[in-house]
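Listing of entry-v1.cif, mmCIF, C-alpha atoms (C1' of nucleotides)
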```cif
data_target
#
loop_
_atom_site.group_PDB
_atom_site.id
_atom_site.type_symbol
_atom_site.label_atom_id
_atom_site.label_comp_id
_atom_site.auth_asym_id
_atom_site.auth_seq_id
_atom_site.Cartn_x
_atom_site.Cartn_y
_atom_site.Cartn_z
ATOM 1 C CA MET B 41 107.662 84.347 44.980
ATOM 2 C CA PRO B 42 105.063 81.837 46.162
ATOM 3 C CA LEU B 43 103.227 83.869 48.799
ATOM 4 C CA ARG B 44 105.713 83.359 51.593
ATOM 5 C CA ARG B 45 103.193 82.941 54.410
ATOM 6 C CA ASN B 46 105.210 80.536 56.402
ATOM 7 C CA SER B 47 102.172 78.658 57.647
ATOM 8 C CA LYS B 48 102.995 78.744 61.322
ATOM 9 C CA SER B 49 99.714 80.597 61.438
ATOM 10 C CA ILE B 50 98.749 79.480 64.926
ATOM 11 C CA GLY B 51 101.313 81.846 66.256
ATOM 12 C CA GLY B 52 105.065 82.134 66.356
ATOM 13 C CA PRO B 53 107.208 79.871 68.496
ATOM 14 C CA LYS B 54 106.619 82.228 71.365
ATOM 15 C CA ARG B 55 102.872 81.767 71.546
ATOM 16 C CA ALA B 56 103.062 78.056 70.793
ATOM 17 C CA ALA B 57 105.688 77.598 73.472
ATOM 18 C CA SER B 58 103.438 79.039 76.150
ATOM 19 C CA LEU B 59 100.715 76.672 75.065
ATOM 20 C CA PHE B 60 102.916 73.593 75.278
ATOM 21 C CA ALA B 61 104.412 74.819 78.506
ATOM 22 C CA ALA B 62 100.917 75.017 79.931
ATOM 23 C CA LEU B 63 100.494 71.364 79.033
ATOM 24 C CA GLY B 64 103.949 70.461 80.265
ATOM 25 C CA ASP B 65 103.114 69.742 83.852
ATOM 26 C CA GLU B 66 101.804 66.549 85.333
ATOM 27 C CA ASN B 67 99.249 68.134 87.617
ATOM 28 C CA ARG B 68 97.995 70.438 84.913
ATOM 29 C CA LEU B 69 97.504 67.498 82.582
ATOM 30 C CA ARG B 70 95.505 65.806 85.288
ATOM 31 C CA LEU B 71 93.327 68.902 85.497
ATOM 32 C CA VAL B 72 92.814 68.773 81.757
ATOM 33 C CA TRP B 73 91.623 65.186 81.926
ATOM 34 C CA ARG B 74 89.454 66.011 84.860
ATOM 35 C CA LEU B 75 87.806 68.932 83.119
ATOM 36 C CA ARG B 76 87.315 66.879 80.019
ATOM 37 C CA ASP B 77 85.752 63.992 81.925
ATOM 38 C CA ASP B 78 83.534 65.848 84.328
ATOM 39 C CA GLY B 79 82.884 69.070 82.458
ATOM 40 C CA PRO B 80 83.169 72.598 83.875
ATOM 41 C CA MET B 81 84.077 72.577 87.529
ATOM 42 C CA SER B 82 84.833 74.919 90.368
ATOM 43 C CA ILE B 83 88.224 75.143 92.001
ATOM 44 C CA THR B 84 86.923 73.459 95.116
ATOM 45 C CA GLY B 85 85.519 70.698 92.991
ATOM 46 C CA LEU B 86 88.869 70.217 91.316
ATOM 47 C CA THR B 87 90.630 70.266 94.651
ATOM 48 C CA ALA B 88 88.536 67.373 95.937
ATOM 49 C CA GLY B 89 90.373 64.223 94.940
ATOM 50 C CA SER B 90 93.668 65.975 94.364
ATOM 51 C CA ARG B 91 96.730 65.783 96.519
ATOM 52 C CA ILE B 92 97.739 69.414 96.132
ATOM 53 C CA THR B 93 96.279 72.517 97.708
ATOM 54 C CA ARG B 94 93.463 74.631 96.407
ATOM 55 C CA GLN B 95 95.859 77.507 95.839
ATOM 56 C CA ALA B 96 98.223 75.322 93.888
ATOM 57 C CA ILE B 97 95.346 74.396 91.629
ATOM 58 C CA THR B 98 94.408 78.037 91.312
ATOM 59 C CA LYS B 99 97.913 78.791 90.108
ATOM 60 C CA HIS B 100 97.813 76.004 87.582
ATOM 61 C CA LEU B 101 94.495 77.251 86.287
ATOM 62 C CA ARG B 102 95.918 80.734 85.910
ATOM 63 C CA VAL B 103 98.836 79.379 83.909
ATOM 64 C CA MET B 104 96.479 77.537 81.609
ATOM 65 C CA GLN B 105 94.238 80.558 81.405
ATOM 66 C CA GLN B 106 97.066 82.756 80.217
ATOM 67 C CA ALA B 107 97.763 80.205 77.532
ATOM 68 C CA HIS B 108 94.056 80.400 76.685
ATOM 69 C CA LEU B 109 93.732 76.722 77.329
ATOM 70 C CA VAL B 110 91.073 77.226 79.925
ATOM 71 C CA ARG B 111 88.598 79.927 80.828
ATOM 72 C CA SER B 112 86.220 80.628 83.666
ATOM 73 C CA ARG B 113 82.887 82.292 84.095
ATOM 74 C CA ARG B 114 81.760 83.292 87.505
ATOM 75 C CA HIS B 115 78.474 81.985 88.803
ATOM 76 C CA GLY B 116 77.601 83.301 92.196
ATOM 77 C CA ARG B 117 80.346 82.690 94.674
ATOM 78 C CA GLU B 118 81.981 80.017 92.615
ATOM 79 C CA SER B 119 83.547 80.201 89.188
ATOM 80 C CA LEU B 120 83.327 77.369 86.719
ATOM 81 C CA TRP B 121 86.372 76.478 84.731
ATOM 82 C CA GLN B 122 86.282 74.793 81.389
ATOM 83 C CA LEU B 123 88.653 73.751 78.671
ATOM 84 C CA ASP B 124 89.004 75.707 75.478
ATOM 85 C CA GLN B 125 88.567 73.098 72.798
ATOM 86 C CA GLN B 126 89.921 75.353 70.078
ATOM 87 C CA ARG B 127 93.190 75.901 71.837
ATOM 88 C CA LEU B 128 93.802 72.169 72.115
ATOM 89 C CA GLN B 129 93.147 71.950 68.418
ATOM 90 C CA ASP B 130 95.722 74.678 67.902
ATOM 91 C CA ALA B 131 98.314 72.605 69.673
ATOM 92 C CA ARG B 132 97.460 69.623 67.506
ATOM 93 C CA ARG B 133 97.632 71.644 64.335
ATOM 94 C CA TYR B 134 100.975 73.069 65.307
ATOM 95 C CA LEU B 135 102.349 69.568 65.655
ATOM 96 C CA ASP B 136 100.751 68.672 62.361
ATOM 97 C CA LEU B 137 102.562 71.508 60.675
ATOM 98 C CA ILE B 138 105.894 70.230 61.856
ATOM 99 C CA SER B 139 105.229 66.670 60.755
ATOM 100 C CA LYS B 140 103.604 67.623 57.500
ATOM 101 C CA GLN B 141 106.269 69.858 56.104
ATOM 102 C CA TRP B 142 108.718 67.408 57.466
ATOM 103 C CA ASP B 143 107.295 64.725 55.216
ATOM 104 C CA GLN B 144 107.628 67.125 52.347
ATOM 105 C CA ALA B 145 111.238 67.648 53.320
ATOM 106 C CA LEU B 146 111.780 63.903 53.299
ATOM 107 C CA GLY B 147 110.101 63.830 49.917
ATOM 108 C CA ARG B 148 112.463 66.441 48.578
ATOM 109 C CA LEU B 149 115.380 64.562 50.017
ATOM 110 C CA ARG B 150 114.273 61.346 48.375
ATOM 111 C CA GLU B 151 113.942 63.097 45.031
ATOM 112 C CA PHE B 152 117.366 64.530 45.423
ATOM 113 C CA VAL B 153 118.910 61.185 46.247
ATOM 114 C CA GLU B 154 117.134 59.280 43.518
ATOM 115 C CA GLU B 155 118.068 61.696 40.755
ATOM 116 C CA MET S 86 85.732 43.954 83.331
ATOM 117 C CA PRO S 87 86.517 45.274 79.858
ATOM 118 C CA LEU S 88 90.298 45.131 79.821
ATOM 119 C CA ARG S 89 90.865 48.350 81.715
ATOM 120 C CA ARG S 90 93.617 49.725 79.484
ATOM 121 C CA ASN S 91 92.611 53.292 79.924
ATOM 122 C CA SER S 92 93.758 54.327 76.472
ATOM 123 C CA LYS S 93 96.245 56.911 77.608
ATOM 124 C CA SER S 94 98.601 54.358 76.161
ATOM 125 C CA ILE S 95 101.262 56.842 75.199
ATOM 126 C CA GLY S 96 102.117 57.104 78.838
ATOM 127 C CA GLY S 97 100.590 58.537 81.935
ATOM 128 C CA PRO S 98 100.388 62.250 82.578
ATOM 129 C CA LYS S 99 103.927 62.100 83.913
ATOM 130 C CA ARG S 100 105.534 60.968 80.699
ATOM 131 C CA ALA S 101 103.316 63.125 78.524
ATOM 132 C CA ALA S 102 104.070 66.148 80.672
ATOM 133 C CA SER S 103 107.797 65.809 80.105
ATOM 134 C CA LEU S 104 107.161 65.637 76.394
ATOM 135 C CA PHE S 105 105.054 68.783 76.322
ATOM 136 C CA ALA S 106 107.459 70.502 78.659
ATOM 137 C CA ALA S 107 110.226 69.759 76.182
ATOM 138 C CA LEU S 108 108.182 71.544 73.546
ATOM 139 C CA GLY S 109 107.245 74.331 75.911
ATOM 140 C CA ASP S 110 110.145 76.626 75.276
ATOM 141 C CA GLU S 111 110.549 79.153 72.531
ATOM 142 C CA ASN S 112 114.159 78.379 71.762
ATOM 143 C CA ARG S 113 113.535 74.656 71.768
ATOM 144 C CA LEU S 114 110.673 75.058 69.340
ATOM 145 C CA ARG S 115 113.000 77.001 67.078
ATOM 146 C CA LEU S 116 115.434 74.123 67.243
ATOM 147 C CA VAL S 117 112.650 71.741 66.280
ATOM 148 C CA TRP S 118 111.786 73.792 63.214
ATOM 149 C CA ARG S 119 115.432 74.096 62.361
ATOM 150 C CA LEU S 120 116.015 70.370 62.564
ATOM 151 C CA ARG S 121 112.896 69.707 60.560
ATOM 152 C CA ASP S 122 113.892 72.172 57.854
ATOM 153 C CA ASP S 123 117.566 71.430 57.499
ATOM 154 C CA GLY S 124 117.728 67.826 58.680
ATOM 155 C CA PRO S 125 120.216 66.399 61.180
ATOM 156 C CA MET S 126 122.700 68.989 62.348
ATOM 157 C CA SER S 127 125.604 69.397 64.709
ATOM 158 C CA ILE S 128 125.469 71.624 67.760
ATOM 159 C CA THR S 129 127.793 74.101 66.128
ATOM 160 C CA GLY S 130 125.582 74.137 63.088
ATOM 161 C CA LEU S 131 122.575 74.849 65.241
ATOM 162 C CA THR S 132 124.443 77.536 67.093
ATOM 163 C CA ALA S 133 125.164 79.436 63.895
ATOM 164 C CA GLY S 134 122.231 81.751 63.351
ATOM 165 C CA SER S 135 121.053 81.567 66.942
ATOM 166 C CA ARG S 136 121.284 84.248 69.545
ATOM 167 C CA ILE S 137 122.088 81.964 72.441
ATOM 168 C CA THR S 138 125.295 80.182 73.305
ATOM 169 C CA ARG S 139 126.422 76.791 72.166
ATOM 170 C CA GLN S 140 126.137 75.483 75.695
ATOM 171 C CA ALA S 141 122.616 76.772 76.029
ATOM 172 C CA ILE S 142 121.716 74.875 72.896
ATOM 173 C CA THR S 143 123.419 71.799 74.271
ATOM 174 C CA LYS S 144 121.241 72.005 77.351
ATOM 175 C CA HIS S 145 118.098 72.366 75.298
ATOM 176 C CA LEU S 146 119.065 69.365 73.226
ATOM 177 C CA ARG S 147 119.599 67.335 76.394
ATOM 178 C CA VAL S 148 116.157 68.282 77.637
ATOM 179 C CA MET S 149 114.608 67.185 74.377
ATOM 180 C CA GLN S 150 116.713 64.066 74.381
ATOM 181 C CA GLN S 151 115.444 63.053 77.796
ATOM 182 C CA ALA S 152 111.935 63.471 76.473
ATOM 183 C CA HIS S 153 112.998 61.265 73.542
ATOM 184 C CA LEU S 154 112.093 64.032 71.180
ATOM 185 C CA VAL S 155 115.549 64.127 69.685
ATOM 186 C CA ARG S 156 118.494 61.801 69.449
ATOM 187 C CA SER S 157 122.096 62.030 68.322
ATOM 188 C CA ARG S 158 124.611 59.775 66.718
ATOM 189 C CA ARG S 159 128.241 60.657 66.837
ATOM 190 C CA HIS S 160 130.144 60.976 63.609
ATOM 191 C CA GLY S 161 133.770 61.751 64.085
ATOM 192 C CA ARG S 162 134.267 64.777 66.242
ATOM 193 C CA GLU S 163 130.788 66.061 65.737
ATOM 194 C CA SER S 164 127.461 64.538 66.674
ATOM 195 C CA LEU S 165 124.431 64.907 64.495
ATOM 196 C CA TRP S 166 121.095 65.589 66.135
ATOM 197 C CA GLN S 167 117.789 64.699 64.635
ATOM 198 C CA LEU S 168 114.135 64.757 65.537
ATOM 199 C CA ASP S 169 112.289 61.648 66.585
ATOM 200 C CA GLN S 170 109.264 61.616 64.336
ATOM 201 C CA GLN S 171 107.477 59.012 66.426
ATOM 202 C CA ARG S 172 107.629 61.067 69.557
ATOM 203 C CA LEU S 173 106.013 64.020 67.864
ATOM 204 C CA GLN S 174 103.280 61.690 66.753
ATOM 205 C CA ASP S 175 102.892 60.592 70.346
ATOM 206 C CA ALA S 176 102.251 64.163 71.390
ATOM 207 C CA ARG S 177 99.669 64.541 68.650
ATOM 208 C CA ARG S 178 97.922 61.344 69.592
ATOM 209 C CA TYR S 179 97.800 62.350 73.212
ATOM 210 C CA LEU S 180 95.994 65.534 72.248
ATOM 211 C CA ASP S 181 93.731 63.501 70.022
ATOM 212 C CA LEU S 182 92.770 61.330 72.947
ATOM 213 C CA ILE S 183 91.699 64.308 74.965
ATOM 214 C CA SER S 184 89.628 65.790 72.161
ATOM 215 C CA LYS S 185 88.173 62.513 71.037
ATOM 216 C CA GLN S 186 86.825 61.281 74.327
ATOM 217 C CA TRP S 187 85.785 64.816 74.948
ATOM 218 C CA ASP S 188 83.509 64.692 71.926
ATOM 219 C CA GLN S 189 82.082 61.467 73.300
ATOM 220 C CA ALA S 190 81.474 63.243 76.580
ATOM 221 C CA LEU S 191 79.663 66.012 74.760
ATOM 222 C CA GLY S 192 77.670 63.332 72.976
ATOM 223 C CA ARG S 193 76.683 61.768 76.248
ATOM 224 C CA LEU S 194 75.742 65.137 77.613
ATOM 225 C CA ARG S 195 73.561 65.872 74.594
ATOM 226 C CA GLU S 196 71.811 62.534 75.015
ATOM 227 C CA PHE S 197 71.236 63.260 78.637
ATOM 228 C CA VAL S 198 69.785 66.682 77.947
ATOM 229 C CA GLU S 199 67.579 65.544 75.100
ATOM 230 C CA GLU S 200 66.011 62.680 77.005
ATOM 231 C "C1'" DA O 264 153.458 67.427 65.909
ATOM 232 C "C1'" DA O 265 150.895 71.769 66.232
ATOM 233 C "C1'" DA O 266 147.046 74.253 65.507
ATOM 234 C "C1'" DT O 267 142.110 74.105 64.879
ATOM 235 C "C1'" DA O 268 137.362 72.547 65.413
ATOM 236 C "C1'" DC O 269 133.676 70.277 68.078
ATOM 237 C "C1'" DT O 270 131.905 68.617 72.096
ATOM 238 C "C1'" DG O 271 131.624 67.812 77.230
ATOM 239 C "C1'" DC O 272 131.808 69.103 82.048
ATOM 240 C "C1'" DA O 273 131.440 72.162 85.987
ATOM 241 C "C1'" DA O 274 130.461 76.135 88.469
ATOM 242 C "C1'" DC O 275 127.808 79.885 88.951
ATOM 243 C "C1'" DC O 276 123.728 83.142 88.737
ATOM 244 C "C1'" DA O 277 119.241 85.369 88.353
ATOM 245 C "C1'" DA O 278 114.657 84.393 87.474
ATOM 246 C "C1'" DA O 279 110.758 81.426 87.153
ATOM 247 C "C1'" DC O 280 108.094 77.482 89.146
ATOM 248 C "C1'" DG O 281 105.418 74.671 92.090
ATOM 249 C "C1'" DG O 282 103.908 74.547 96.325
ATOM 250 C "C1'" DT O 283 102.629 76.003 100.926
ATOM 251 C "C1'" DT O 284 100.397 78.948 104.812
ATOM 252 C "C1'" DG O 285 97.734 82.870 106.377
ATOM 253 C "C1'" DC O 286 94.446 86.288 105.887
ATOM 254 C "C1'" DA O 287 90.902 89.114 103.354
ATOM 255 C "C1'" DT O 288 86.753 89.393 100.481
ATOM 256 C "C1'" DT O 289 82.573 88.039 98.518
ATOM 257 C "C1'" DT O 290 78.447 85.312 98.423
ATOM 258 C "C1'" DC O 291 75.258 82.150 99.914
ATOM 259 C "C1'" DT O 292 72.395 79.875 103.777
ATOM 260 C "C1'" DG O 293 70.263 78.892 108.332
ATOM 261 C "C1'" DC E 73 72.426 88.859 110.872
ATOM 262 C "C1'" DA E 74 75.855 85.197 111.884
ATOM 263 C "C1'" DG E 75 78.253 81.622 110.103
ATOM 264 C "C1'" DA E 76 79.872 78.856 106.429
ATOM 265 C "C1'" DA E 77 81.626 78.293 101.767
ATOM 266 C "C1'" DA E 78 84.311 79.791 97.704
ATOM 267 C "C1'" DT E 79 87.590 82.506 95.810
ATOM 268 C "C1'" DG E 80 91.422 85.988 95.811
ATOM 269 C "C1'" DC E 81 95.781 88.059 97.318
ATOM 270 C "C1'" DA E 82 100.342 88.093 99.257
ATOM 271 C "C1'" DA E 83 104.394 86.485 101.241
ATOM 272 C "C1'" DC E 84 107.535 83.031 101.583
ATOM 273 C "C1'" DC E 85 110.506 78.929 100.374
ATOM 274 C "C1'" DG E 86 113.180 75.244 98.101
ATOM 275 C "C1'" DT E 87 114.098 73.534 93.557
ATOM 276 C "C1'" DT E 88 114.338 73.817 88.727
ATOM 277 C "C1'" DT E 89 115.390 76.329 84.573
ATOM 278 C "C1'" DG E 90 117.684 78.965 81.136
ATOM 279 C "C1'" DG E 91 121.608 81.109 80.476
ATOM 280 C "C1'" DT E 92 126.430 82.364 80.915
ATOM 281 C "C1'" DT E 93 131.781 81.750 81.281
ATOM 282 C "C1'" DG E 94 135.852 78.949 81.573
ATOM 283 C "C1'" DC E 95 138.419 74.982 80.898
ATOM 284 C "C1'" DA E 96 139.356 70.109 79.536
ATOM 285 C "C1'" DG E 97 139.124 66.332 76.201
ATOM 286 C "C1'" DT E 98 138.867 64.368 71.446
ATOM 287 C "C1'" DA E 99 139.051 64.441 66.575
ATOM 288 C "C1'" DT E 100 140.716 66.669 62.204
ATOM 289 C "C1'" DT E 101 143.668 69.192 59.343
ATOM 290 C "C1'" DT E 102 147.811 71.176 57.833
#
```
Can the structure from this file be put into structure tokens for me?
Amino acid sequence: MPLRRNSKSIGGPKRAASLFAALGDENRLRLVWRLRDDGPMSITGLTAGSRITRQAITKHLRVMQQAHLVRSRRHGRESLWQLDQQRLQDARRYLDLISKQWDQALGRLREFVEE
Amino acid sequence: MPLRRNSKSIGGPKRAASLFAALGDENRLRLVWRLRDDGPMSITGLTAGSRITRQAITKHLRVMQQAHLVRSRRHGRESLWQLDQQRLQDARRYLDLISKQWDQALGRLREFVEE
DNA sequence: AAATACTGCAACCAAACGGTTGCATTTCTG
DNA sequence: CAGAAATGCAACCGTTTGGTTGCAGTATTT
């Protein structure tokens, strides 16, 4: 038995799903780009130059926060929000896992056919 | 003007969002793993060993289909569904873009600070 | 031709989502 | 201290989502 650790080590489908779901909204993706481009920002800062309300943005941030995609530290009366680099990496690695073992599957299939 | 192709070439936030949204559901992720492990399968095949209904699975497949994550070709009375490798790559590359230019941003910041 | 298997379509339902408005709270600033 | 700025909380609302059940339509199989 070859150490059946099924390598979805980032988390089960449940945890991964919440991560992708957090990325699965247009406005949230815009926030991601924004935070990446301009660095940590306050809610008001993010609201400026956005078509939606401050509260809408707050909600989006909360969604991303619960997926650990973003975190905030308070600084006086404003709180600065920033991306969690690691969590984005997690998402990437999860996709890698699918593709990688998939290639192996294709490899096995090829073997099987060519025998 | 340096050929302003802003490098989000996979598609704007809108298109990318639909892709991530398609991945942002636990049951759909399970289907992805299933299709990757066992290759192209029929709906009935996918339903076997799943807790949800055949019609629920159908709906999930349609969602993924509209995000071009999955496609089906009919074969007699059953239709076989398979993953679209390329589209998964797209998702990965999109995440890469965020991280990559992010590193550049950090680089710029470091420069700025160290000057 | 009759029974069986597989998919598609439609209606329906509760819950979640994305967004808004209004008001309260905390923290700076003049 | 009074006002302004930033966030938080809560209620509300229309639409989408994830799921179900029921029935109809096509292929196979016997």
> Within 12 Å of stretch 272-288 of chain O, counting all atoms listed in the file, which residues qualify if same-chain residues fewer than 6 places away don't, as a VMD selection string?
Replying inline: (chain B and resid 61 to 62 65 to 68 91 to 100 103 117) or (chain S and resid 140 143 to 144) or (chain E and resid 78 to 97)
>> If the cut-off is 9 Å, can you tell me the residues of chain S near chain O, counting all atoms listed in the file? I'd like them as an MDAnalysis selection string.
In response: chainID S and resid 127:129 162:164
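Taking atom CA of B:Leu63 and atom CA of S:Gln171 as endpoints, the distance between them is 19.0 Å.
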At a cut-off of 10 Å, can you tabulate as a Markdown table every residue of chain S near chain B together with its closest atom pair and the distance in Å to one decimal, using only C-alpha atoms and ordering rows by chain then number?
```
| residue | atom | partner | partner_atom | distance |
| --- | --- | --- | --- | --- |
| S:Gly97 | CA | B:Glu66 | CA | 8.8 |
| S:Pro98 | CA | B:Glu66 | CA | 5.3 |
| S:Lys99 | CA | B:Glu66 | CA | 5.1 |
| S:Arg100 | CA | B:Glu66 | CA | 8.2 |
| S:Ala101 | CA | B:Gly64 | CA | 7.6 |
| S:Ala102 | CA | B:Gly64 | CA | 4.3 |
| S:Ser103 | CA | B:Gly64 | CA | 6.0 |
| S:Leu104 | CA | B:Gly64 | CA | 7.0 |
| S:Phe105 | CA | B:Gly64 | CA | 4.4 |
| S:Ala106 | CA | B:Gly64 | CA | 3.9 |
| S:Ala107 | CA | B:Gly64 | CA | 7.5 |
| S:Leu108 | CA | B:Phe60 | CA | 5.9 |
| S:Gly109 | CA | B:Ala61 | CA | 3.9 |
| S:Asp110 | CA | B:Ala57 | CA | 4.9 |
| S:Glu111 | CA | B:Lys54 | CA | 5.1 |
| S:Asn112 | CA | B:Pro53 | CA | 7.8 |
| S:Arg113 | CA | B:Ala57 | CA | 8.6 |
| S:Leu114 | CA | B:Pro53 | CA | 6.0 |
| S:Arg115 | CA | B:Pro53 | CA | 6.6 |
| S:Val117 | CA | B:Ile138 | CA | 8.2 |
| S:Trp118 | CA | B:Ile138 | CA | 7.0 |
| S:Leu120 | CA | B:Trp142 | CA | 9.4 |
| S:Arg121 | CA | B:Trp142 | CA | 5.7 |
| S:Asp122 | CA | B:Ala145 | CA | 6.9 |
| S:Asp123 | CA | B:Ala145 | CA | 8.5 |
| S:Gly124 | CA | B:Ala145 | CA | 8.4 |
| S:Gln170 | CA | B:Ser139 | CA | 7.4 |
| S:Gln171 | CA | B:Ser139 | CA | 9.8 |
| S:Leu173 | CA | B:Leu135 | CA | 7.0 |
| S:Gln174 | CA | B:Leu135 | CA | 8.0 |
| S:Ala176 | CA | B:Leu135 | CA | 7.9 |
| S:Arg177 | CA | B:Arg132 | CA | 5.7 |
| S:Arg178 | CA | B:Arg132 | CA | 8.6 |
| S:Tyr179 | CA | B:Arg132 | CA | 9.3 |
| S:Leu180 | CA | B:Arg132 | CA | 6.4 |
| S:Asp181 | CA | B:Arg132 | CA | 7.6 |
| S:Leu182 | CA | B:Trp73 | CA | 9.8 |
| S:Ile183 | CA | B:Trp73 | CA | 7.0 |
| S:Ser184 | CA | B:Gln125 | CA | 7.4 |
| S:Gln186 | CA | B:Arg76 | CA | 8.0 |
| S:Trp187 | CA | B:Arg76 | CA | 5.7 |
| S:Asp188 | CA | B:Arg76 | CA | 9.2 |
| S:Gln189 | CA | B:Asp77 | CA | 9.7 |
| S:Ala190 | CA | B:Asp77 | CA | 6.9 |
| S:Leu191 | CA | B:Gly79 | CA | 8.9 |
| S:Leu194 | CA | B:Gly79 | CA | 9.5 |
```
Take the residues from that selection and put them in a file with C-alpha atoms, as a PDB file, in the coordinates of the input.
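This went into again_7.pdb:
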```pdb
ATOM      1  CA  GLY S  97     100.590  58.537  81.935  1.00  0.00           C
ATOM      2  CA  PRO S  98     100.388  62.250  82.578  1.00  0.00           C
ATOM      3  CA  LYS S  99     103.927  62.100  83.913  1.00  0.00           C
ATOM      4  CA  ARG S 100     105.534  60.968  80.699  1.00  0.00           C
ATOM      5  CA  ALA S 101     103.316  63.125  78.524  1.00  0.00           C
ATOM      6  CA  ALA S 102     104.070  66.148  80.672  1.00  0.00           C
ATOM      7  CA  SER S 103     107.797  65.809  80.105  1.00  0.00           C
ATOM      8  CA  LEU S 104     107.161  65.637  76.394  1.00  0.00           C
ATOM      9  CA  PHE S 105     105.054  68.783  76.322  1.00  0.00           C
ATOM     10  CA  ALA S 106     107.459  70.502  78.659  1.00  0.00           C
ATOM     11  CA  ALA S 107     110.226  69.759  76.182  1.00  0.00           C
ATOM     12  CA  LEU S 108     108.182  71.544  73.546  1.00  0.00           C
ATOM     13  CA  GLY S 109     107.245  74.331  75.911  1.00  0.00           C
ATOM     14  CA  ASP S 110     110.145  76.626  75.276  1.00  0.00           C
ATOM     15  CA  GLU S 111     110.549  79.153  72.531  1.00  0.00           C
ATOM     16  CA  ASN S 112     114.159  78.379  71.762  1.00  0.00           C
ATOM     17  CA  ARG S 113     113.535  74.656  71.768  1.00  0.00           C
ATOM     18  CA  LEU S 114     110.673  75.058  69.340  1.00  0.00           C
ATOM     19  CA  ARG S 115     113.000  77.001  67.078  1.00  0.00           C
ATOM     20  CA  VAL S 117     112.650  71.741  66.280  1.00  0.00           C
ATOM     21  CA  TRP S 118     111.786  73.792  63.214  1.00  0.00           C
ATOM     22  CA  LEU S 120     116.015  70.370  62.564  1.00  0.00           C
ATOM     23  CA  ARG S 121     112.896  69.707  60.560  1.00  0.00           C
ATOM     24  CA  ASP S 122     113.892  72.172  57.854  1.00  0.00           C
ATOM     25  CA  ASP S 123     117.566  71.430  57.499  1.00  0.00           C
ATOM     26  CA  GLY S 124     117.728  67.826  58.680  1.00  0.00           C
ATOM     27  CA  GLN S 170     109.264  61.616  64.336  1.00  0.00           C
ATOM     28  CA  GLN S 171     107.477  59.012  66.426  1.00  0.00           C
ATOM     29  CA  LEU S 173     106.013  64.020  67.864  1.00  0.00           C
ATOM     30  CA  GLN S 174     103.280  61.690  66.753  1.00  0.00           C
ATOM     31  CA  ALA S 176     102.251  64.163  71.390  1.00  0.00           C
ATOM     32  CA  ARG S 177      99.669  64.541  68.650  1.00  0.00           C
ATOM     33  CA  ARG S 178      97.922  61.344  69.592  1.00  0.00           C
ATOM     34  CA  TYR S 179      97.800  62.350  73.212  1.00  0.00           C
ATOM     35  CA  LEU S 180      95.994  65.534  72.248  1.00  0.00           C
ATOM     36  CA  ASP S 181      93.731  63.501  70.022  1.00  0.00           C
ATOM     37  CA  LEU S 182      92.770  61.330  72.947  1.00  0.00           C
ATOM     38  CA  ILE S 183      91.699  64.308  74.965  1.00  0.00           C
ATOM     39  CA  SER S 184      89.628  65.790  72.161  1.00  0.00           C
ATOM     40  CA  GLN S 186      86.825  61.281  74.327  1.00  0.00           C
ATOM     41  CA  TRP S 187      85.785  64.816  74.948  1.00  0.00           C
ATOM     42  CA  ASP S 188      83.509  64.692  71.926  1.00  0.00           C
ATOM     43  CA  GLN S 189      82.082  61.467  73.300  1.00  0.00           C
ATOM     44  CA  ALA S 190      81.474  63.243  76.580  1.00  0.00           C
ATOM     45  CA  LEU S 191      79.663  66.012  74.760  1.00  0.00           C
ATOM     46  CA  LEU S 194      75.742  65.137  77.613  1.00  0.00           C
TER      47      LEU S 194
END
```
>> Just checking: using all atoms listed in the file, which residue out of S:Gly130, S:His160, S:Leu165, S:Arg119 ends up closest to chain E?
In response: S:His160
> Any idea what's packed within 10 Å of B:Arg127, counting all atoms listed in the file, ignoring anything in its chain fewer than 6 positions away? Could you give it as an NGL selection string?
Replying inline: :B and (50 or 59 or 107-110 or 133)
>> Please expand the PyMOL selection byres ((chain B and resi 121) around 6) into the concrete residues it hits in this file, giving the result as an MDAnalysis selection string.
In response: chainID B and resid 80:81 111:112 120 122
Can you write just those residues out, C-alpha atoms, as a PDB file, in the coordinates of the input?
```
ATOM      1  CA  PRO B  80      83.169  72.598  83.875  1.00  0.00           C
ATOM      2  CA  MET B  81      84.077  72.577  87.529  1.00  0.00           C
ATOM      3  CA  ARG B 111      88.598  79.927  80.828  1.00  0.00           C
ATOM      4  CA  SER B 112      86.220  80.628  83.666  1.00  0.00           C
ATOM      5  CA  LEU B 120      83.327  77.369  86.719  1.00  0.00           C
ATOM      6  CA  GLN B 122      86.282  74.793  81.389  1.00  0.00           C
TER       7      GLN B 122
END
```
> Do you have the atom CA of B:Leu86-atom CA of B:Gly116 distance handy?
Replying inline: 17.3 Å
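Take atom CA of S:Gly96 and atom CA of S:Asp175: the distance between them is 9.2 Å.
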Which centre and edge lengths in Å to one decimal define the box along x, y and z that fits every listed atom of stretch 171-187 of chain S plus 8 Å per side, as AutoDock Vina command-line options?
```
--center_x 96.7 --center_y 62.4 --center_z 70.7 --size_x 37.8 --size_y 22.8 --size_z 24.5
```
